[in-house]
$ cat entry-v5.txt   # compact mmCIF, N, CA and C atoms
# COMPACT_ATOMS: atom_id res chain seq x y z
N MET A 4 115.75 73.05 103.20
CA MET A 4 114.33 73.14 103.44
C MET A 4 113.61 72.86 102.13
N SER A 5 112.62 71.98 102.19
CA SER A 5 111.89 71.62 100.98
C SER A 5 110.87 72.72 100.61
N THR A 6 110.38 72.61 99.42
CA THR A 6 109.39 73.59 98.95
C THR A 6 108.12 73.54 99.79
N TRP A 7 107.68 72.34 100.12
CA TRP A 7 106.44 72.22 100.90
C TRP A 7 106.62 72.77 102.31
N THR A 8 107.78 72.60 102.89
CA THR A 8 108.03 73.18 104.21
C THR A 8 107.96 74.70 104.14
N THR A 9 108.55 75.25 103.10
CA THR A 9 108.52 76.70 102.91
C THR A 9 107.09 77.19 102.71
N VAL A 10 106.31 76.49 101.91
CA VAL A 10 104.92 76.88 101.67
C VAL A 10 104.11 76.82 102.96
N LEU A 11 104.28 75.76 103.73
CA LEU A 11 103.54 75.62 104.99
C LEU A 11 103.95 76.69 106.00
N LEU A 12 105.24 76.99 106.09
CA LEU A 12 105.69 78.05 107.00
C LEU A 12 105.15 79.41 106.57
N ALA A 13 105.19 79.70 105.28
CA ALA A 13 104.66 80.96 104.79
C ALA A 13 103.16 81.07 105.03
N SER A 14 102.43 79.97 104.86
CA SER A 14 100.99 79.97 105.12
C SER A 14 100.71 80.21 106.59
N GLY A 15 101.46 79.55 107.44
CA GLY A 15 101.28 79.74 108.88
C GLY A 15 101.60 81.17 109.31
N LEU A 16 102.68 81.72 108.77
CA LEU A 16 103.04 83.10 109.09
C LEU A 16 101.97 84.07 108.61
N SER A 17 101.43 83.82 107.42
CA SER A 17 100.36 84.66 106.90
C SER A 17 99.13 84.61 107.80
N PHE A 18 98.77 83.43 108.26
CA PHE A 18 97.62 83.29 109.15
C PHE A 18 97.87 84.03 110.47
N VAL A 19 99.05 83.87 111.04
CA VAL A 19 99.36 84.54 112.32
C VAL A 19 99.32 86.05 112.16
N LEU A 20 99.90 86.57 111.07
CA LEU A 20 99.87 88.02 110.86
C LEU A 20 98.45 88.54 110.69
N LYS A 21 97.63 87.78 109.97
CA LYS A 21 96.24 88.19 109.78
C LYS A 21 95.49 88.16 111.11
N PHE A 22 95.75 87.15 111.92
CA PHE A 22 95.10 87.04 113.23
C PHE A 22 95.53 88.19 114.15
N ILE A 23 96.79 88.54 114.12
CA ILE A 23 97.28 89.65 114.94
C ILE A 23 96.58 90.95 114.54
N GLY A 24 96.27 91.08 113.26
CA GLY A 24 95.55 92.27 112.79
C GLY A 24 94.19 92.43 113.46
N TYR A 25 93.54 91.33 113.78
CA TYR A 25 92.25 91.40 114.46
C TYR A 25 92.40 91.78 115.93
N LEU A 26 93.58 91.61 116.49
CA LEU A 26 93.80 91.92 117.89
C LEU A 26 94.18 93.38 118.14
N VAL A 27 94.46 94.13 117.09
CA VAL A 27 94.82 95.53 117.23
C VAL A 27 93.58 96.32 117.66
N PRO A 28 93.71 97.12 118.73
CA PRO A 28 92.55 97.91 119.18
C PRO A 28 92.08 98.89 118.11
N PRO A 29 90.77 99.09 117.99
CA PRO A 29 90.23 99.98 116.95
C PRO A 29 90.74 101.42 117.04
N LYS A 30 91.11 101.88 118.22
CA LYS A 30 91.56 103.27 118.34
C LYS A 30 92.84 103.53 117.55
N TYR A 31 93.64 102.49 117.31
CA TYR A 31 94.86 102.65 116.54
C TYR A 31 94.58 102.65 115.03
N LEU A 32 93.45 102.14 114.64
CA LEU A 32 93.11 102.05 113.23
C LEU A 32 92.27 103.21 112.74
N GLU A 33 91.73 104.00 113.64
CA GLU A 33 90.91 105.13 113.26
C GLU A 33 91.80 106.36 113.17
N GLY A 34 91.41 107.29 112.37
CA GLY A 34 92.18 108.51 112.20
C GLY A 34 92.51 108.76 110.75
N LYS A 35 92.69 110.02 110.43
CA LYS A 35 92.91 110.43 109.04
C LYS A 35 94.24 109.91 108.50
N LYS A 36 95.30 110.01 109.32
CA LYS A 36 96.62 109.58 108.85
C LYS A 36 96.65 108.08 108.56
N THR A 37 96.09 107.30 109.46
CA THR A 37 96.08 105.85 109.28
C THR A 37 95.25 105.45 108.07
N SER A 38 94.10 106.08 107.88
CA SER A 38 93.26 105.73 106.73
C SER A 38 93.93 106.13 105.41
N ASN A 39 94.69 107.23 105.41
CA ASN A 39 95.43 107.61 104.19
C ASN A 39 96.51 106.58 103.87
N VAL A 40 97.22 106.12 104.87
CA VAL A 40 98.27 105.12 104.65
C VAL A 40 97.66 103.82 104.18
N VAL A 41 96.58 103.40 104.81
CA VAL A 41 95.93 102.14 104.44
C VAL A 41 95.39 102.22 103.01
N ALA A 42 94.90 103.37 102.61
CA ALA A 42 94.36 103.52 101.25
C ALA A 42 95.45 103.47 100.20
N LEU A 43 96.64 103.98 100.51
CA LEU A 43 97.71 104.04 99.52
C LEU A 43 98.65 102.84 99.55
N PHE A 44 98.59 102.03 100.58
CA PHE A 44 99.50 100.91 100.72
C PHE A 44 99.38 99.89 99.58
N PRO A 45 98.18 99.47 99.17
CA PRO A 45 98.08 98.53 98.04
C PRO A 45 98.64 99.11 96.74
N VAL A 46 98.44 100.41 96.53
CA VAL A 46 98.96 101.05 95.33
C VAL A 46 100.48 101.00 95.32
N ALA A 47 101.09 101.28 96.47
CA ALA A 47 102.55 101.25 96.56
C ALA A 47 103.09 99.84 96.34
N LEU A 48 102.42 98.85 96.91
CA LEU A 48 102.86 97.47 96.72
C LEU A 48 102.75 97.03 95.26
N LEU A 49 101.64 97.37 94.62
CA LEU A 49 101.45 96.99 93.23
C LEU A 49 102.46 97.71 92.34
N THR A 50 102.74 98.96 92.62
CA THR A 50 103.74 99.71 91.85
C THR A 50 105.11 99.07 91.97
N GLY A 51 105.47 98.68 93.18
CA GLY A 51 106.75 98.01 93.39
C GLY A 51 106.84 96.70 92.62
N LEU A 52 105.77 95.92 92.64
CA LEU A 52 105.76 94.65 91.91
C LEU A 52 105.88 94.86 90.40
N VAL A 53 105.17 95.85 89.89
CA VAL A 53 105.23 96.13 88.45
C VAL A 53 106.64 96.58 88.06
N CYS A 54 107.24 97.45 88.88
CA CYS A 54 108.59 97.93 88.57
C CYS A 54 109.60 96.79 88.59
N VAL A 55 109.50 95.91 89.55
CA VAL A 55 110.42 94.78 89.61
C VAL A 55 110.24 93.88 88.40
N GLN A 56 109.00 93.60 88.02
CA GLN A 56 108.75 92.74 86.88
C GLN A 56 109.17 93.39 85.56
N ALA A 57 109.05 94.72 85.47
CA ALA A 57 109.33 95.39 84.20
C ALA A 57 110.80 95.75 84.02
N PHE A 58 111.52 96.03 85.10
CA PHE A 58 112.85 96.59 84.96
C PHE A 58 113.98 95.75 85.55
N VAL A 59 113.68 94.68 86.26
CA VAL A 59 114.74 93.88 86.88
C VAL A 59 114.82 92.54 86.16
N GLY A 60 116.00 92.24 85.67
CA GLY A 60 116.20 90.98 84.96
C GLY A 60 116.88 89.95 85.83
N ASP A 61 117.59 89.04 85.16
CA ASP A 61 118.31 88.00 85.88
C ASP A 61 119.41 88.60 86.74
N HIS A 62 119.60 88.03 87.88
CA HIS A 62 120.66 88.42 88.81
C HIS A 62 120.49 89.85 89.31
N GLY A 63 119.27 90.39 89.29
CA GLY A 63 118.98 91.69 89.87
C GLY A 63 119.51 92.88 89.08
N LYS A 64 119.83 92.70 87.83
CA LYS A 64 120.36 93.79 87.02
C LYS A 64 119.22 94.52 86.30
N LEU A 65 119.43 95.82 86.07
CA LEU A 65 118.45 96.64 85.36
C LEU A 65 118.41 96.22 83.89
N VAL A 66 117.21 95.98 83.39
CA VAL A 66 117.01 95.56 82.01
C VAL A 66 115.97 96.46 81.37
N LEU A 67 116.32 97.02 80.23
CA LEU A 67 115.37 97.83 79.47
C LEU A 67 115.06 97.07 78.19
N ASP A 68 113.92 96.40 78.18
CA ASP A 68 113.51 95.61 77.02
C ASP A 68 112.05 95.88 76.72
N ALA A 69 111.39 94.93 76.11
CA ALA A 69 109.99 95.11 75.71
C ALA A 69 109.08 95.34 76.92
N ARG A 70 109.41 94.72 78.04
CA ARG A 70 108.58 94.91 79.24
C ARG A 70 108.62 96.37 79.71
N ALA A 71 109.80 96.96 79.68
CA ALA A 71 109.93 98.37 80.10
C ALA A 71 109.18 99.29 79.14
N ALA A 72 109.29 99.02 77.85
CA ALA A 72 108.57 99.82 76.87
C ALA A 72 107.06 99.67 77.04
N ALA A 73 106.60 98.46 77.34
CA ALA A 73 105.17 98.24 77.57
C ALA A 73 104.69 98.99 78.80
N ALA A 74 105.51 98.99 79.85
CA ALA A 74 105.14 99.73 81.07
C ALA A 74 105.07 101.23 80.79
N LEU A 75 106.02 101.73 80.01
CA LEU A 75 106.00 103.15 79.65
C LEU A 75 104.77 103.49 78.80
N ALA A 76 104.44 102.62 77.87
CA ALA A 76 103.25 102.84 77.04
C ALA A 76 101.98 102.82 77.90
N ALA A 77 101.94 101.93 78.88
CA ALA A 77 100.79 101.88 79.78
C ALA A 77 100.66 103.16 80.59
N VAL A 78 101.78 103.68 81.06
CA VAL A 78 101.76 104.94 81.82
C VAL A 78 101.24 106.08 80.94
N VAL A 79 101.70 106.13 79.70
CA VAL A 79 101.22 107.17 78.78
C VAL A 79 99.71 107.02 78.55
N ALA A 80 99.25 105.80 78.35
CA ALA A 80 97.81 105.58 78.16
C ALA A 80 97.02 105.98 79.39
N LEU A 81 97.57 105.70 80.58
CA LEU A 81 96.89 106.12 81.81
C LEU A 81 96.84 107.63 81.94
N LEU A 82 97.93 108.29 81.56
CA LEU A 82 97.94 109.76 81.62
C LEU A 82 96.95 110.38 80.64
N LEU A 83 96.68 109.67 79.55
CA LEU A 83 95.68 110.13 78.59
C LEU A 83 94.26 109.72 78.98
N ARG A 84 94.12 109.15 80.17
CA ARG A 84 92.82 108.75 80.73
C ARG A 84 92.12 107.67 79.91
N ALA A 85 92.89 106.75 79.38
CA ALA A 85 92.30 105.65 78.61
C ALA A 85 91.65 104.65 79.57
N PRO A 86 90.61 103.95 79.14
CA PRO A 86 90.02 102.90 79.98
C PRO A 86 91.03 101.78 80.22
N PHE A 87 90.81 101.05 81.30
CA PHE A 87 91.78 100.03 81.71
C PHE A 87 92.07 99.01 80.63
N ILE A 88 91.03 98.54 79.95
CA ILE A 88 91.23 97.53 78.91
C ILE A 88 92.08 98.09 77.78
N VAL A 89 91.92 99.37 77.48
CA VAL A 89 92.74 100.00 76.44
C VAL A 89 94.19 100.08 76.90
N VAL A 90 94.41 100.38 78.17
CA VAL A 90 95.76 100.43 78.72
C VAL A 90 96.43 99.07 78.57
N VAL A 91 95.72 98.02 78.91
CA VAL A 91 96.27 96.66 78.81
C VAL A 91 96.58 96.33 77.35
N LEU A 92 95.67 96.65 76.45
CA LEU A 92 95.89 96.37 75.03
C LEU A 92 97.06 97.17 74.45
N VAL A 93 97.19 98.43 74.86
CA VAL A 93 98.31 99.25 74.40
C VAL A 93 99.63 98.67 74.89
N ALA A 94 99.68 98.27 76.15
CA ALA A 94 100.91 97.68 76.70
C ALA A 94 101.25 96.37 75.99
N ALA A 95 100.26 95.53 75.77
CA ALA A 95 100.51 94.25 75.10
C ALA A 95 100.96 94.47 73.66
N ALA A 96 100.32 95.38 72.96
CA ALA A 96 100.70 95.66 71.57
C ALA A 96 102.11 96.24 71.49
N THR A 97 102.44 97.11 72.42
CA THR A 97 103.79 97.68 72.44
C THR A 97 104.84 96.60 72.67
N ALA A 98 104.60 95.74 73.64
CA ALA A 98 105.56 94.66 73.89
C ALA A 98 105.67 93.73 72.69
N ALA A 99 104.55 93.43 72.04
CA ALA A 99 104.58 92.55 70.88
C ALA A 99 105.34 93.19 69.72
N LEU A 100 105.11 94.46 69.47
CA LEU A 100 105.81 95.14 68.38
C LEU A 100 107.32 95.23 68.63
N ILE A 101 107.70 95.50 69.87
CA ILE A 101 109.14 95.60 70.17
C ILE A 101 109.79 94.24 70.05
N ARG A 102 109.11 93.21 70.48
CA ARG A 102 109.69 91.86 70.36
C ARG A 102 109.75 91.41 68.90
N LEU A 103 108.82 91.90 68.09
CA LEU A 103 108.82 91.58 66.67
C LEU A 103 110.02 92.20 65.96
N ILE A 104 110.39 93.39 66.39
CA ILE A 104 111.52 94.12 65.76
C ILE A 104 112.79 93.52 66.16

$ encode --input "entry-v5.txt" --output "structure tokens"
Amino acid sequence: MSTWTTVLLASGLSFVLKFIGYLVPPKYLEGKKTSNVVALFPVALLTGLVCVQAFVGDHGKLVLDARAAAALAAVVALLLRAPFIVVVLVAAATAALIRLI
């Protein structure tokens, strides 16, 4: 299968899934439990993506390098209630310093 075939199939599947979302009756989307899940779902997806990018290397093996240290530094900055731009700068500086060493 070529790359363009894969891209077109993924685009079509994305469109169909989005369209199916409009067909779901509103009574299934209302409610406290559903709204809590919907509110936390993007956070869970983003966390999973960050973890994969920071801790998984080639061939699916766990790697602890500058990316992992930068993620840890970002978590510490977030726990200290730093503004987002400061968190990004702390993570970038940490990764740069570790790669320099």

$ atom_distance --input "entry-v5.txt" --atom1 "atom C of Ala94 of chain A" --atom2 "atom N of Ala74 of chain A"
6.3 Å

$ axis_aligned_box --input "entry-v5.txt" --around "segment 67-72 of chain A" --padding-each-side "4 Å" --output "lines of an AutoDock Vina configuration file"
center_x = 111.7
center_y = 97.3
center_z = 78.0
size_x = 17.3
size_y = 13.1
size_z = 12.5

$ select_by_dssp --input "entry-v5.txt" --residues "segment 10-104 of chain A" --states "alpha helix (DSSP H)" --output "mmCIF file with N, CA and C atoms, keeping the file's coordinate frame"
data_model
loop_
_atom_site.group_PDB
_atom_site.id
_atom_site.type_symbol
_atom_site.label_atom_id
_atom_site.label_comp_id
_atom_site.auth_asym_id
_atom_site.auth_seq_id
_atom_site.Cartn_x
_atom_site.Cartn_y
_atom_site.Cartn_z
ATOM 1 N N VAL A 10 106.310 76.490 101.910
ATOM 2 C CA VAL A 10 104.920 76.880 101.670
ATOM 3 C C VAL A 10 104.110 76.820 102.960
ATOM 4 N N LEU A 11 104.280 75.760 103.730
ATOM 5 C CA LEU A 11 103.540 75.620 104.990
ATOM 6 C C LEU A 11 103.950 76.690 106.000
ATOM 7 N N LEU A 12 105.240 76.990 106.090
ATOM 8 C CA LEU A 12 105.690 78.050 107.000
ATOM 9 C C LEU A 12 105.150 79.410 106.570
ATOM 10 N N ALA A 13 105.190 79.700 105.280
ATOM 11 C CA ALA A 13 104.660 80.960 104.790
ATOM 12 C C ALA A 13 103.160 81.070 105.030
ATOM 13 N N SER A 14 102.430 79.970 104.860
ATOM 14 C CA SER A 14 100.990 79.970 105.120
ATOM 15 C C SER A 14 100.710 80.210 106.590
ATOM 16 N N GLY A 15 101.460 79.550 107.440
ATOM 17 C CA GLY A 15 101.280 79.740 108.880
ATOM 18 C C GLY A 15 101.600 81.170 109.310
ATOM 19 N N LEU A 16 102.680 81.720 108.770
ATOM 20 C CA LEU A 16 103.040 83.100 109.090
ATOM 21 C C LEU A 16 101.970 84.070 108.610
ATOM 22 N N SER A 17 101.430 83.820 107.420
ATOM 23 C CA SER A 17 100.360 84.660 106.900
ATOM 24 C C SER A 17 99.130 84.610 107.800
ATOM 25 N N PHE A 18 98.770 83.430 108.260
ATOM 26 C CA PHE A 18 97.620 83.290 109.150
ATOM 27 C C PHE A 18 97.870 84.030 110.470
ATOM 28 N N VAL A 19 99.050 83.870 111.040
ATOM 29 C CA VAL A 19 99.360 84.540 112.320
ATOM 30 C C VAL A 19 99.320 86.050 112.160
ATOM 31 N N LEU A 20 99.900 86.570 111.070
ATOM 32 C CA LEU A 20 99.870 88.020 110.860
ATOM 33 C C LEU A 20 98.450 88.540 110.690
ATOM 34 N N LYS A 21 97.630 87.780 109.970
ATOM 35 C CA LYS A 21 96.240 88.190 109.780
ATOM 36 C C LYS A 21 95.490 88.160 111.110
ATOM 37 N N PHE A 22 95.750 87.150 111.920
ATOM 38 C CA PHE A 22 95.100 87.040 113.230
ATOM 39 C C PHE A 22 95.530 88.190 114.150
ATOM 40 N N ILE A 23 96.790 88.540 114.120
ATOM 41 C CA ILE A 23 97.280 89.650 114.940
ATOM 42 C C ILE A 23 96.580 90.950 114.540
ATOM 43 N N GLY A 24 96.270 91.080 113.260
ATOM 44 C CA GLY A 24 95.550 92.270 112.790
ATOM 45 C C GLY A 24 94.190 92.430 113.460
ATOM 46 N N TYR A 25 93.540 91.330 113.780
ATOM 47 C CA TYR A 25 92.250 91.400 114.460
ATOM 48 C C TYR A 25 92.400 91.780 115.930
ATOM 49 N N LEU A 26 93.580 91.610 116.490
ATOM 50 C CA LEU A 26 93.800 91.920 117.890
ATOM 51 C C LEU A 26 94.180 93.380 118.140
ATOM 52 N N PRO A 29 90.770 99.090 117.990
ATOM 53 C CA PRO A 29 90.230 99.980 116.950
ATOM 54 C C PRO A 29 90.740 101.420 117.040
ATOM 55 N N LYS A 30 91.110 101.880 118.220
ATOM 56 C CA LYS A 30 91.560 103.270 118.340
ATOM 57 C C LYS A 30 92.840 103.530 117.550
ATOM 58 N N TYR A 31 93.640 102.490 117.310
ATOM 59 C CA TYR A 31 94.860 102.650 116.540
ATOM 60 C C TYR A 31 94.580 102.650 115.030
ATOM 61 N N LEU A 32 93.450 102.140 114.640
ATOM 62 C CA LEU A 32 93.110 102.050 113.230
ATOM 63 C C LEU A 32 92.270 103.210 112.740
ATOM 64 N N LYS A 35 92.690 110.020 110.430
ATOM 65 C CA LYS A 35 92.910 110.430 109.040
ATOM 66 C C LYS A 35 94.240 109.910 108.500
ATOM 67 N N LYS A 36 95.300 110.010 109.320
ATOM 68 C CA LYS A 36 96.620 109.580 108.850
ATOM 69 C C LYS A 36 96.650 108.080 108.560
ATOM 70 N N THR A 37 96.090 107.300 109.460
ATOM 71 C CA THR A 37 96.080 105.850 109.280
ATOM 72 C C THR A 37 95.250 105.450 108.070
ATOM 73 N N SER A 38 94.100 106.080 107.880
ATOM 74 C CA SER A 38 93.260 105.730 106.730
ATOM 75 C C SER A 38 93.930 106.130 105.410
ATOM 76 N N ASN A 39 94.690 107.230 105.410
ATOM 77 C CA ASN A 39 95.430 107.610 104.190
ATOM 78 C C ASN A 39 96.510 106.580 103.870
ATOM 79 N N VAL A 40 97.220 106.120 104.870
ATOM 80 C CA VAL A 40 98.270 105.120 104.650
ATOM 81 C C VAL A 40 97.660 103.820 104.180
ATOM 82 N N VAL A 41 96.580 103.400 104.810
ATOM 83 C CA VAL A 41 95.930 102.140 104.440
ATOM 84 C C VAL A 41 95.390 102.220 103.010
ATOM 85 N N ALA A 42 94.900 103.370 102.610
ATOM 86 C CA ALA A 42 94.360 103.520 101.250
ATOM 87 C C ALA A 42 95.450 103.470 100.200
ATOM 88 N N LEU A 43 96.640 103.980 100.510
ATOM 89 C CA LEU A 43 97.710 104.040 99.520
ATOM 90 C C LEU A 43 98.650 102.840 99.550
ATOM 91 N N PHE A 44 98.590 102.030 100.580
ATOM 92 C CA PHE A 44 99.500 100.910 100.720
ATOM 93 C C PHE A 44 99.380 99.890 99.580
ATOM 94 N N PRO A 45 98.180 99.470 99.170
ATOM 95 C CA PRO A 45 98.080 98.530 98.040
ATOM 96 C C PRO A 45 98.640 99.110 96.740
ATOM 97 N N VAL A 46 98.440 100.410 96.530
ATOM 98 C CA VAL A 46 98.960 101.050 95.330
ATOM 99 C C VAL A 46 100.480 101.000 95.320
ATOM 100 N N ALA A 47 101.090 101.280 96.470
ATOM 101 C CA ALA A 47 102.550 101.250 96.560
ATOM 102 C C ALA A 47 103.090 99.840 96.340
ATOM 103 N N LEU A 48 102.420 98.850 96.910
ATOM 104 C CA LEU A 48 102.860 97.470 96.720
ATOM 105 C C LEU A 48 102.750 97.030 95.260
ATOM 106 N N LEU A 49 101.640 97.370 94.620
ATOM 107 C CA LEU A 49 101.450 96.990 93.230
ATOM 108 C C LEU A 49 102.460 97.710 92.340
ATOM 109 N N THR A 50 102.740 98.960 92.620
ATOM 110 C CA THR A 50 103.740 99.710 91.850
ATOM 111 C C THR A 50 105.110 99.070 91.970
ATOM 112 N N GLY A 51 105.470 98.680 93.180
ATOM 113 C CA GLY A 51 106.750 98.010 93.390
ATOM 114 C C GLY A 51 106.840 96.700 92.620
ATOM 115 N N LEU A 52 105.770 95.920 92.640
ATOM 116 C CA LEU A 52 105.760 94.650 91.910
ATOM 117 C C LEU A 52 105.880 94.860 90.400
ATOM 118 N N VAL A 53 105.170 95.850 89.890
ATOM 119 C CA VAL A 53 105.230 96.130 88.450
ATOM 120 C C VAL A 53 106.640 96.580 88.060
ATOM 121 N N CYS A 54 107.240 97.450 88.880
ATOM 122 C CA CYS A 54 108.590 97.930 88.570
ATOM 123 C C CYS A 54 109.600 96.790 88.590
ATOM 124 N N VAL A 55 109.500 95.910 89.550
ATOM 125 C CA VAL A 55 110.420 94.780 89.610
ATOM 126 C C VAL A 55 110.240 93.880 88.400
ATOM 127 N N GLN A 56 109.000 93.600 88.020
ATOM 128 C CA GLN A 56 108.750 92.740 86.880
ATOM 129 C C GLN A 56 109.170 93.390 85.560
ATOM 130 N N ALA A 57 109.050 94.720 85.470
ATOM 131 C CA ALA A 57 109.330 95.390 84.200
ATOM 132 C C ALA A 57 110.800 95.750 84.020
ATOM 133 N N PHE A 58 111.520 96.030 85.100
ATOM 134 C CA PHE A 58 112.850 96.590 84.960
ATOM 135 C C PHE A 58 113.980 95.750 85.550
ATOM 136 N N ALA A 69 111.390 94.930 76.110
ATOM 137 C CA ALA A 69 109.990 95.110 75.710
ATOM 138 C C ALA A 69 109.080 95.340 76.920
ATOM 139 N N ARG A 70 109.410 94.720 78.040
ATOM 140 C CA ARG A 70 108.580 94.910 79.240
ATOM 141 C C ARG A 70 108.620 96.370 79.710
ATOM 142 N N ALA A 71 109.800 96.960 79.680
ATOM 143 C CA ALA A 71 109.930 98.370 80.100
ATOM 144 C C ALA A 71 109.180 99.290 79.140
ATOM 145 N N ALA A 72 109.290 99.020 77.850
ATOM 146 C CA ALA A 72 108.570 99.820 76.870
ATOM 147 C C ALA A 72 107.060 99.670 77.040
ATOM 148 N N ALA A 73 106.600 98.460 77.340
ATOM 149 C CA ALA A 73 105.170 98.240 77.570
ATOM 150 C C ALA A 73 104.690 98.990 78.800
ATOM 151 N N ALA A 74 105.510 98.990 79.850
ATOM 152 C CA ALA A 74 105.140 99.730 81.070
ATOM 153 C C ALA A 74 105.070 101.230 80.790
ATOM 154 N N LEU A 75 106.020 101.730 80.010
ATOM 155 C CA LEU A 75 106.000 103.150 79.650
ATOM 156 C C LEU A 75 104.770 103.490 78.800
ATOM 157 N N ALA A 76 104.440 102.620 77.870
ATOM 158 C CA ALA A 76 103.250 102.840 77.040
ATOM 159 C C ALA A 76 101.980 102.820 77.900
ATOM 160 N N ALA A 77 101.940 101.930 78.880
ATOM 161 C CA ALA A 77 100.790 101.880 79.780
ATOM 162 C C ALA A 77 100.660 103.160 80.590
ATOM 163 N N VAL A 78 101.780 103.680 81.060
ATOM 164 C CA VAL A 78 101.760 104.940 81.820
ATOM 165 C C VAL A 78 101.240 106.080 80.940
ATOM 166 N N VAL A 79 101.700 106.130 79.700
ATOM 167 C CA VAL A 79 101.220 107.170 78.780
ATOM 168 C C VAL A 79 99.710 107.020 78.550
ATOM 169 N N ALA A 80 99.250 105.800 78.350
ATOM 170 C CA ALA A 80 97.810 105.580 78.160
ATOM 171 C C ALA A 80 97.020 105.980 79.390
ATOM 172 N N LEU A 81 97.570 105.700 80.580
ATOM 173 C CA LEU A 81 96.890 106.120 81.810
ATOM 174 C C LEU A 81 96.840 107.630 81.940
ATOM 175 N N LEU A 82 97.930 108.290 81.560
ATOM 176 C CA LEU A 82 97.940 109.760 81.620
ATOM 177 C C LEU A 82 96.950 110.380 80.640
ATOM 178 N N PHE A 87 90.810 101.050 81.300
ATOM 179 C CA PHE A 87 91.780 100.030 81.710
ATOM 180 C C PHE A 87 92.070 99.010 80.630
ATOM 181 N N ILE A 88 91.030 98.540 79.950
ATOM 182 C CA ILE A 88 91.230 97.530 78.910
ATOM 183 C C ILE A 88 92.080 98.090 77.780
ATOM 184 N N VAL A 89 91.920 99.370 77.480
ATOM 185 C CA VAL A 89 92.740 100.000 76.440
ATOM 186 C C VAL A 89 94.190 100.080 76.900
ATOM 187 N N VAL A 90 94.410 100.380 78.170
ATOM 188 C CA VAL A 90 95.760 100.430 78.720
ATOM 189 C C VAL A 90 96.430 99.070 78.570
ATOM 190 N N VAL A 91 95.720 98.020 78.910
ATOM 191 C CA VAL A 91 96.270 96.660 78.810
ATOM 192 C C VAL A 91 96.580 96.330 77.350
ATOM 193 N N LEU A 92 95.670 96.650 76.450
ATOM 194 C CA LEU A 92 95.890 96.370 75.030
ATOM 195 C C LEU A 92 97.060 97.170 74.450
ATOM 196 N N VAL A 93 97.190 98.430 74.860
ATOM 197 C CA VAL A 93 98.310 99.250 74.400
ATOM 198 C C VAL A 93 99.630 98.670 74.890
ATOM 199 N N ALA A 94 99.680 98.270 76.150
ATOM 200 C CA ALA A 94 100.910 97.680 76.700
ATOM 201 C C ALA A 94 101.250 96.370 75.990
ATOM 202 N N ALA A 95 100.260 95.530 75.770
ATOM 203 C CA ALA A 95 100.510 94.250 75.100
ATOM 204 C C ALA A 95 100.960 94.470 73.660
ATOM 205 N N ALA A 96 100.320 95.380 72.960
ATOM 206 C CA ALA A 96 100.700 95.660 71.570
ATOM 207 C C ALA A 96 102.110 96.240 71.490
ATOM 208 N N THR A 97 102.440 97.110 72.420
ATOM 209 C CA THR A 97 103.790 97.680 72.440
ATOM 210 C C THR A 97 104.840 96.600 72.670
ATOM 211 N N ALA A 98 104.600 95.740 73.640
ATOM 212 C CA ALA A 98 105.560 94.660 73.890
ATOM 213 C C ALA A 98 105.670 93.730 72.690
ATOM 214 N N ALA A 99 104.550 93.430 72.040
ATOM 215 C CA ALA A 99 104.580 92.550 70.880
ATOM 216 C C ALA A 99 105.340 93.190 69.720
ATOM 217 N N LEU A 100 105.110 94.460 69.470
ATOM 218 C CA LEU A 100 105.810 95.140 68.380
ATOM 219 C C LEU A 100 107.320 95.230 68.630
ATOM 220 N N ILE A 101 107.700 95.500 69.870
ATOM 221 C CA ILE A 101 109.140 95.600 70.170
ATOM 222 C C ILE A 101 109.790 94.240 70.050
ATOM 223 N N ARG A 102 109.110 93.210 70.480
ATOM 224 C CA ARG A 102 109.690 91.860 70.360
ATOM 225 C C ARG A 102 109.750 91.410 68.900
ATOM 226 N N LEU A 103 108.820 91.900 68.090
ATOM 227 C CA LEU A 103 108.820 91.580 66.670
ATOM 228 C C LEU A 103 110.020 92.200 65.960
#

$ atom_distance --input "entry-v5.txt" --atom1 "atom CA of Pro28 of chain A" --atom2 "atom CA of Val40 of chain A"
17.2 Å

$ atom_distance --input "entry-v5.txt" --atom1 "atom C of Leu49 of chain A" --atom2 "atom C of Asp68 of chain A"
18.4 Å

$ closest_residue --input "entry-v5.txt" --among "A:Val46, A:Tyr25, A:Ala71, A:Trp7" --to "Phe58 of chain A" --atoms "all atoms listed in the file"
A:Ala71

$ residues_around --input "entry-v5.txt" --residues "Ala73 of chain A" --least-positions-apart "5" --cutoff "7 Å" --atoms "only N, CA and C atoms" --output "number ranges by chain"
A: 68, 78, 93-95, 97-98
